[in-house]
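What follows is one structure encoded as structure tokens, with my remarks underneath.
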Amino acid sequence: MTEETSSRWLGWRVAAEGALYGPGGFYRRPEGPAGHFRTSVHASWLFAEAVARLLCRVDEALGRPGALAFVDMAAGRGELAGGVLAALPAEVAARTRAYAVEIAERPAGLDDRIEWLAEPPQQVTGLLFANEWLDNVPVEVAEVDAAGVPRRVLVRQDGAERLGAPVGGAEAEWLARWWPLPAEEGLRAEIGLPRDEAWAAAVSSLDRGLAVAVDYAHTLDARPPFGTLTGFRAGRETAPVPDGSCDITAHVALDACAAHGSARTLSGARLLRQREALRALGITGARPPLALASTRPAAYVRALASAGEAAELTAPGGLGDFGWLLQPVGIPDALLG
């Protein structure tokens with residue numbers, strides 16, 4: 001890092017874009033996201049199994065097309081795409097074309113059936129699934145100054161911040177509609193417009209099917225007063241420093257994404273919690289009957305481990321609180337029962 005580079009003041013969107021996705025950026029590291037934080041995909045194979053069930057329901061709603069797409073947005077190292085293919089019934093797997101969308105290089109040893117892309121394929125039919133993608137779409141941060149005016153927050157590469165110009169234009173309109181800030185000094189918000197646009201573009205890549213975004217989320221009735229911008233490094237939360245050493249993330253206004261996608265491409269978006277979605281897909285976390293321990297002890301141990309993993313995926317206060325945004329394209333929306 002040169003002195004000139006480290007002393008530049010940038011908006012958080014540009015700073016995070018370079019730190020995450022630029023040359024030597026966090027998401028280009030060989031260890032991948034799994035080296036720094038635990039997602040539902042990494043927590044249990046049950047998550048991929050549930051997504052495979054959802055893909056089968058989409059397949060039924062589509063009338064079992066000859067080519068069924070599974071698009072894994074922000075695929076990491078392809079863990080979810082590989083798990084979904086492994087969990088599909090043979091007949092469905094034979095018709096499925098799996099796409100892993102990721103900026104990093106294709107990892108060695110990935111299933112040959114998975115096509116590795118930098119951008120989502122266009123006009124496909126099937127399921128587009130974005131697990132913890134939108135929280136890493138960089139956004140500007142606004143903070144209210146002493147006069148009650150929301151201003152853009154500027155940041156240096158070492159993480160130091162200062163206030164810049166007042167928020168204006170489309171960003172100000174977004175704040176007014178989706179995250180209105182009272183005139184109280186120090187209140188902050190992340191301006192989610194780039195995420196709305198990224199989501200609408202991803203949804204529009206489907207000809208028919210279902211798009212699902214799973215992420216840390218909040219809605220208009222419960223926005224956090226000081227925002228949610230943070231960092232993660234080696235499994236621990238840390239200060240967000242845009243130097244490429246850590247993940248930089250912020251929770252997603254999924255209701256704004258839903259409205260933006262619906263206005264441009266379709267209608268019938270639905271928001272729910274991960275625990276509700278996974279339970280509708282057969283992941284309950286119920287413990288196996290104790291009688292199984294005496295009759296089939298090995299099966300009991302396996303079922304108990306599975307129940308523990310399911311409980312983690314659906315736990316209140318943890319992964320179960322993640323938001324799921326479902327947006328159907330040309331098919332019924334009642335895919336989760």
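If you're wondering about the labels, chains in the structure tokens are A, B, ... by order shown, residues count from 1 in each chain, ligands from 1 in order shown.
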**OP:** Output as a PyMOL selection string all residues of region 161-194 of chain A that backbone DSSP marks as strand (DSSP E).
**Re:** chain A and resi 161-166+188-191
**OP:** Could you give me, as a PyMOL selection string, the residues within 12 Å of Ala202 (chain A), counting only C-alpha atoms and dropping anything in the same chain fewer than 4 positions from it?
**Re:** chain A and resi 71-74+101+119-124+127-130+133-134+195-198+206-207+210-213+257+260-261+264-265+327+329
Dump as a compact mmCIF listing (two decimals), in the first residue's frame, selection limited to N, CA and C atoms:
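Dumped everything to part.txt:
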# COMPACT_ATOMS: atom_id res chain seq x y z
N VAL A 71 -28.65 -21.93 -10.95
CA VAL A 71 -27.66 -20.85 -10.99
C VAL A 71 -27.31 -20.49 -9.56
N ASP A 72 -26.07 -20.73 -9.18
CA ASP A 72 -25.57 -20.45 -7.83
C ASP A 72 -24.80 -19.15 -7.86
N MET A 73 -25.44 -18.06 -7.40
CA MET A 73 -24.81 -16.74 -7.39
C MET A 73 -23.83 -16.62 -6.22
N ALA A 74 -22.68 -15.98 -6.47
CA ALA A 74 -21.63 -15.85 -5.45
C ALA A 74 -21.30 -17.22 -4.90
N VAL A 101 -21.61 -18.88 -10.36
CA VAL A 101 -21.28 -17.52 -10.75
C VAL A 101 -20.37 -16.93 -9.68
N GLU A 119 -20.52 -14.04 -14.80
CA GLU A 119 -21.83 -13.40 -14.82
C GLU A 119 -22.90 -14.46 -14.98
N PRO A 120 -24.12 -14.23 -14.48
CA PRO A 120 -25.16 -15.25 -14.61
C PRO A 120 -25.53 -15.49 -16.07
N PRO A 121 -25.85 -16.72 -16.43
CA PRO A 121 -26.30 -17.01 -17.79
C PRO A 121 -27.65 -16.32 -18.04
N GLN A 122 -27.93 -16.01 -19.28
CA GLN A 122 -29.13 -15.25 -19.61
C GLN A 122 -30.22 -16.14 -20.18
N GLN A 123 -31.47 -15.79 -19.82
CA GLN A 123 -32.68 -16.42 -20.36
C GLN A 123 -32.68 -17.93 -20.16
N VAL A 124 -32.34 -18.33 -18.93
CA VAL A 124 -32.40 -19.75 -18.58
C VAL A 124 -33.71 -20.03 -17.85
N LEU A 127 -33.91 -22.38 -11.39
CA LEU A 127 -33.78 -21.74 -10.08
C LEU A 127 -32.47 -20.96 -10.01
N LEU A 128 -32.58 -19.68 -9.70
CA LEU A 128 -31.42 -18.86 -9.40
C LEU A 128 -31.38 -18.68 -7.89
N PHE A 129 -30.27 -19.05 -7.27
CA PHE A 129 -30.17 -19.06 -5.81
C PHE A 129 -28.96 -18.24 -5.39
N ALA A 130 -29.20 -17.19 -4.60
CA ALA A 130 -28.14 -16.27 -4.17
C ALA A 130 -28.01 -16.32 -2.66
N TRP A 133 -25.08 -13.31 -1.14
CA TRP A 133 -24.48 -12.52 -2.22
C TRP A 133 -24.74 -11.03 -2.03
N LEU A 134 -25.98 -10.65 -1.81
CA LEU A 134 -26.33 -9.24 -1.80
C LEU A 134 -25.65 -8.46 -0.68
N ARG A 195 -27.83 -2.75 -4.65
CA ARG A 195 -28.31 -4.11 -4.42
C ARG A 195 -29.66 -4.33 -5.11
N ASP A 196 -30.52 -3.32 -5.03
CA ASP A 196 -31.80 -3.43 -5.75
C ASP A 196 -31.56 -3.67 -7.23
N GLU A 197 -30.63 -2.90 -7.80
CA GLU A 197 -30.35 -3.01 -9.22
C GLU A 197 -29.68 -4.34 -9.56
N ALA A 198 -28.76 -4.80 -8.70
CA ALA A 198 -28.10 -6.08 -8.94
C ALA A 198 -29.11 -7.22 -8.88
N LEU A 206 -33.58 -14.82 -15.71
CA LEU A 206 -34.45 -15.99 -15.83
C LEU A 206 -35.51 -15.75 -16.90
N ASP A 207 -35.69 -16.73 -17.76
CA ASP A 207 -36.82 -16.71 -18.68
C ASP A 207 -38.08 -17.14 -17.95
N LEU A 210 -37.66 -19.43 -10.66
CA LEU A 210 -37.72 -18.80 -9.35
C LEU A 210 -36.35 -18.26 -9.00
N ALA A 211 -36.32 -17.02 -8.48
CA ALA A 211 -35.10 -16.43 -7.97
C ALA A 211 -35.23 -16.31 -6.45
N VAL A 212 -34.18 -16.72 -5.75
CA VAL A 212 -34.19 -16.69 -4.28
C VAL A 212 -32.92 -16.01 -3.79
N ALA A 213 -33.09 -15.03 -2.91
CA ALA A 213 -31.97 -14.39 -2.23
C ALA A 213 -32.05 -14.73 -0.74
N CYS A 257 -35.27 -4.63 -2.26
CA CYS A 257 -34.89 -5.49 -3.40
C CYS A 257 -36.13 -6.10 -4.03
N HIS A 260 -38.07 -3.49 -6.05
CA HIS A 260 -37.35 -3.10 -7.26
C HIS A 260 -37.44 -4.19 -8.31
N GLY A 261 -37.24 -5.44 -7.88
CA GLY A 261 -37.35 -6.55 -8.83
C GLY A 261 -38.75 -6.70 -9.38
N ARG A 264 -39.69 -4.13 -12.07
CA ARG A 264 -39.01 -4.21 -13.35
C ARG A 264 -39.26 -5.52 -14.10
N THR A 265 -39.60 -6.56 -13.36
CA THR A 265 -39.61 -7.86 -14.03
C THR A 265 -40.83 -8.73 -13.77
N GLN A 327 -38.78 -14.68 -5.61
CA GLN A 327 -39.43 -13.96 -6.71
C GLN A 327 -39.63 -14.91 -7.88
N VAL A 329 -40.85 -16.14 -11.62
CA VAL A 329 -40.91 -15.60 -12.98
C VAL A 329 -41.74 -16.58 -13.82
Original post:
Pick the closest to Gly318 (chain A) from A:Ala43, A:Glu102, A:Arg28, A:Ala172: which is it, counting only C-alpha atoms?
Top reply: A:Ala43
**OP:** Would you list the contacts of region 330-333 of chain A as a list of chain:residue names, taking every protein, DNA or RNA residue within 9 Å and counting only C-alpha atoms, but skipping same-chain residues closer than 4 positions in sequence?
**Re:** A:Val58, A:Ala61, A:Leu62, A:Asp207, A:Arg208, A:Gly209, A:Leu210, A:Leu266, A:Gly268, A:Ala269, A:Arg270, A:Leu326
Subject >> Long-range neighbours of Arg13 (chain A) as a list in words, 9 Å cut-off, only C-alpha atoms, 5 positions minimum in chain >> reply: Gly18, Val137, Pro138, Val139, Glu140 and Val141 of chain A
N, CA and C atoms of the current selection, written as an mmCIF file, in the first residue's frame:
data_model
loop_
_atom_site.group_PDB
_atom_site.id
_atom_site.type_symbol
_atom_site.label_atom_id
_atom_site.label_comp_id
_atom_site.auth_asym_id
_atom_site.auth_seq_id
_atom_site.Cartn_x
_atom_site.Cartn_y
_atom_site.Cartn_z
ATOM 1 N N GLY A 18 -13.103 -2.314 -4.465
ATOM 2 C CA GLY A 18 -11.699 -2.630 -4.682
ATOM 3 C C GLY A 18 -11.165 -3.617 -3.667
ATOM 4 N N VAL A 137 -22.607 -6.942 -2.076
ATOM 5 C CA VAL A 137 -22.690 -5.932 -3.137
ATOM 6 C C VAL A 137 -22.431 -4.586 -2.461
ATOM 7 N N PRO A 138 -21.312 -3.928 -2.769
ATOM 8 C CA PRO A 138 -20.937 -2.713 -2.026
ATOM 9 C C PRO A 138 -21.949 -1.582 -2.194
ATOM 10 N N VAL A 139 -22.142 -0.840 -1.121
ATOM 11 C CA VAL A 139 -23.087 0.275 -1.108
ATOM 12 C C VAL A 139 -22.445 1.482 -0.428
ATOM 13 N N GLU A 140 -23.026 2.648 -0.680
ATOM 14 C CA GLU A 140 -22.610 3.848 0.035
ATOM 15 C C GLU A 140 -23.204 3.829 1.446
ATOM 16 N N VAL A 141 -22.528 4.524 2.342
ATOM 17 C CA VAL A 141 -23.003 4.687 3.712
ATOM 18 C C VAL A 141 -23.305 6.159 3.935
#
**OP:** For CA of Arg223 (chain A) and CA of Ala19 (chain A), quote the distance in Å rounded to one decimal.
**Re:** 26.0 Å
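By only C-alpha atoms, and with residues fewer than 3 positions from Ala176 (chain A) along its chain excluded, the set lying at most 12 Å from it is Pro150, Val167, Gly168, Gly169, Ala170, Glu171, Ala172, Glu173, Trp179, Pro180, Leu181, Pro182, Ala189, Ile191, Gly192, Leu193, Leu220 and Ala256 of chain A.
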If you keep N, CA and C atoms, can you produce a file of those selected residues as a PDB file, in the first residue's frame?
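Output file out_1.pdb is given in full below:
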ATOM      1  N   PRO A 150     -28.237  14.131   6.078  1.00  0.00           N
ATOM      2  CA  PRO A 150     -27.516  12.895   5.745  1.00  0.00           C
ATOM      3  C   PRO A 150     -26.395  13.180   4.750  1.00  0.00           C
ATOM      4  N   VAL A 167     -26.039  13.613   0.742  1.00  0.00           N
ATOM      5  CA  VAL A 167     -26.590  12.613  -0.168  1.00  0.00           C
ATOM      6  C   VAL A 167     -27.619  13.283  -1.060  1.00  0.00           C
ATOM      7  N   GLY A 168     -27.563  12.997  -2.360  1.00  0.00           N
ATOM      8  CA  GLY A 168     -28.498  13.627  -3.283  1.00  0.00           C
ATOM      9  C   GLY A 168     -28.982  12.676  -4.353  1.00  0.00           C
ATOM     10  N   GLY A 169     -29.834  13.169  -5.235  1.00  0.00           N
ATOM     11  CA  GLY A 169     -30.291  12.409  -6.382  1.00  0.00           C
ATOM     12  C   GLY A 169     -31.025  11.130  -6.025  1.00  0.00           C
ATOM     13  N   ALA A 170     -30.759  10.066  -6.808  1.00  0.00           N
ATOM     14  CA  ALA A 170     -31.446   8.795  -6.625  1.00  0.00           C
ATOM     15  C   ALA A 170     -31.150   8.184  -5.264  1.00  0.00           C
ATOM     16  N   GLU A 171     -29.948   8.439  -4.739  1.00  0.00           N
ATOM     17  CA  GLU A 171     -29.608   7.898  -3.423  1.00  0.00           C
ATOM     18  C   GLU A 171     -30.453   8.548  -2.331  1.00  0.00           C
ATOM     19  N   ALA A 172     -30.666   9.848  -2.430  1.00  0.00           N
ATOM     20  CA  ALA A 172     -31.515  10.539  -1.459  1.00  0.00           C
ATOM     21  C   ALA A 172     -32.955  10.048  -1.559  1.00  0.00           C
ATOM     22  N   GLU A 173     -33.417   9.808  -2.783  1.00  0.00           N
ATOM     23  CA  GLU A 173     -34.770   9.289  -2.971  1.00  0.00           C
ATOM     24  C   GLU A 173     -34.899   7.892  -2.357  1.00  0.00           C
ATOM     25  N   TRP A 179     -35.191   4.007   3.841  1.00  0.00           N
ATOM     26  CA  TRP A 179     -34.475   4.099   5.122  1.00  0.00           C
ATOM     27  C   TRP A 179     -34.439   5.554   5.559  1.00  0.00           C
ATOM     28  N   PRO A 180     -35.594   6.143   5.861  1.00  0.00           N
ATOM     29  CA  PRO A 180     -35.617   7.555   6.265  1.00  0.00           C
ATOM     30  C   PRO A 180     -34.855   7.756   7.578  1.00  0.00           C
ATOM     31  N   LEU A 181     -33.947   8.727   7.576  1.00  0.00           N
ATOM     32  CA  LEU A 181     -33.114   8.993   8.744  1.00  0.00           C
ATOM     33  C   LEU A 181     -33.637  10.212   9.494  1.00  0.00           C
ATOM     34  N   PRO A 182     -33.998  10.063  10.770  1.00  0.00           N
ATOM     35  CA  PRO A 182     -34.361  11.243  11.559  1.00  0.00           C
ATOM     36  C   PRO A 182     -33.172  12.205  11.643  1.00  0.00           C
ATOM     37  N   ALA A 189     -27.053   4.842   7.774  1.00  0.00           N
ATOM     38  CA  ALA A 189     -27.799   3.908   6.925  1.00  0.00           C
ATOM     39  C   ALA A 189     -26.900   3.479   5.779  1.00  0.00           C
ATOM     40  N   ILE A 191     -27.053   2.677   1.842  1.00  0.00           N
ATOM     41  CA  ILE A 191     -27.947   3.026   0.738  1.00  0.00           C
ATOM     42  C   ILE A 191     -27.993   1.849  -0.233  1.00  0.00           C
ATOM     43  N   GLY A 192     -29.082   1.086  -0.179  1.00  0.00           N
ATOM     44  CA  GLY A 192     -29.133  -0.203  -0.858  1.00  0.00           C
ATOM     45  C   GLY A 192     -29.460  -0.190  -2.336  1.00  0.00           C
ATOM     46  N   LEU A 193     -29.458   0.959  -2.980  1.00  0.00           N
ATOM     47  CA  LEU A 193     -29.840   1.031  -4.395  1.00  0.00           C
ATOM     48  C   LEU A 193     -29.020   0.098  -5.290  1.00  0.00           C
ATOM     49  N   LEU A 220     -38.348  -2.286   6.532  1.00  0.00           N
ATOM     50  CA  LEU A 220     -38.583  -0.865   6.797  1.00  0.00           C
ATOM     51  C   LEU A 220     -39.049  -0.609   8.230  1.00  0.00           C
ATOM     52  N   ALA A 256     -36.748  -3.704  -0.079  1.00  0.00           N
ATOM     53  CA  ALA A 256     -36.458  -2.794  -1.190  1.00  0.00           C
ATOM     54  C   ALA A 256     -36.065  -3.579  -2.439  1.00  0.00           C
TER      55      ALA A 256
END
Subject >> Contact residues around Leu20 (chain A) with only C-alpha atoms at 10 Å, ignoring same-chain residues under 4 positions, as a list in words >> reply: Ala15, Ala16, Gly24, Gly25, Phe26, Tyr27, Arg28, Arg29, Asn136, Val137, Pro138, Pro242, Asp243, Gly244, Ser245, Cys246, Asp247, Ile248 and Thr249 of chain A
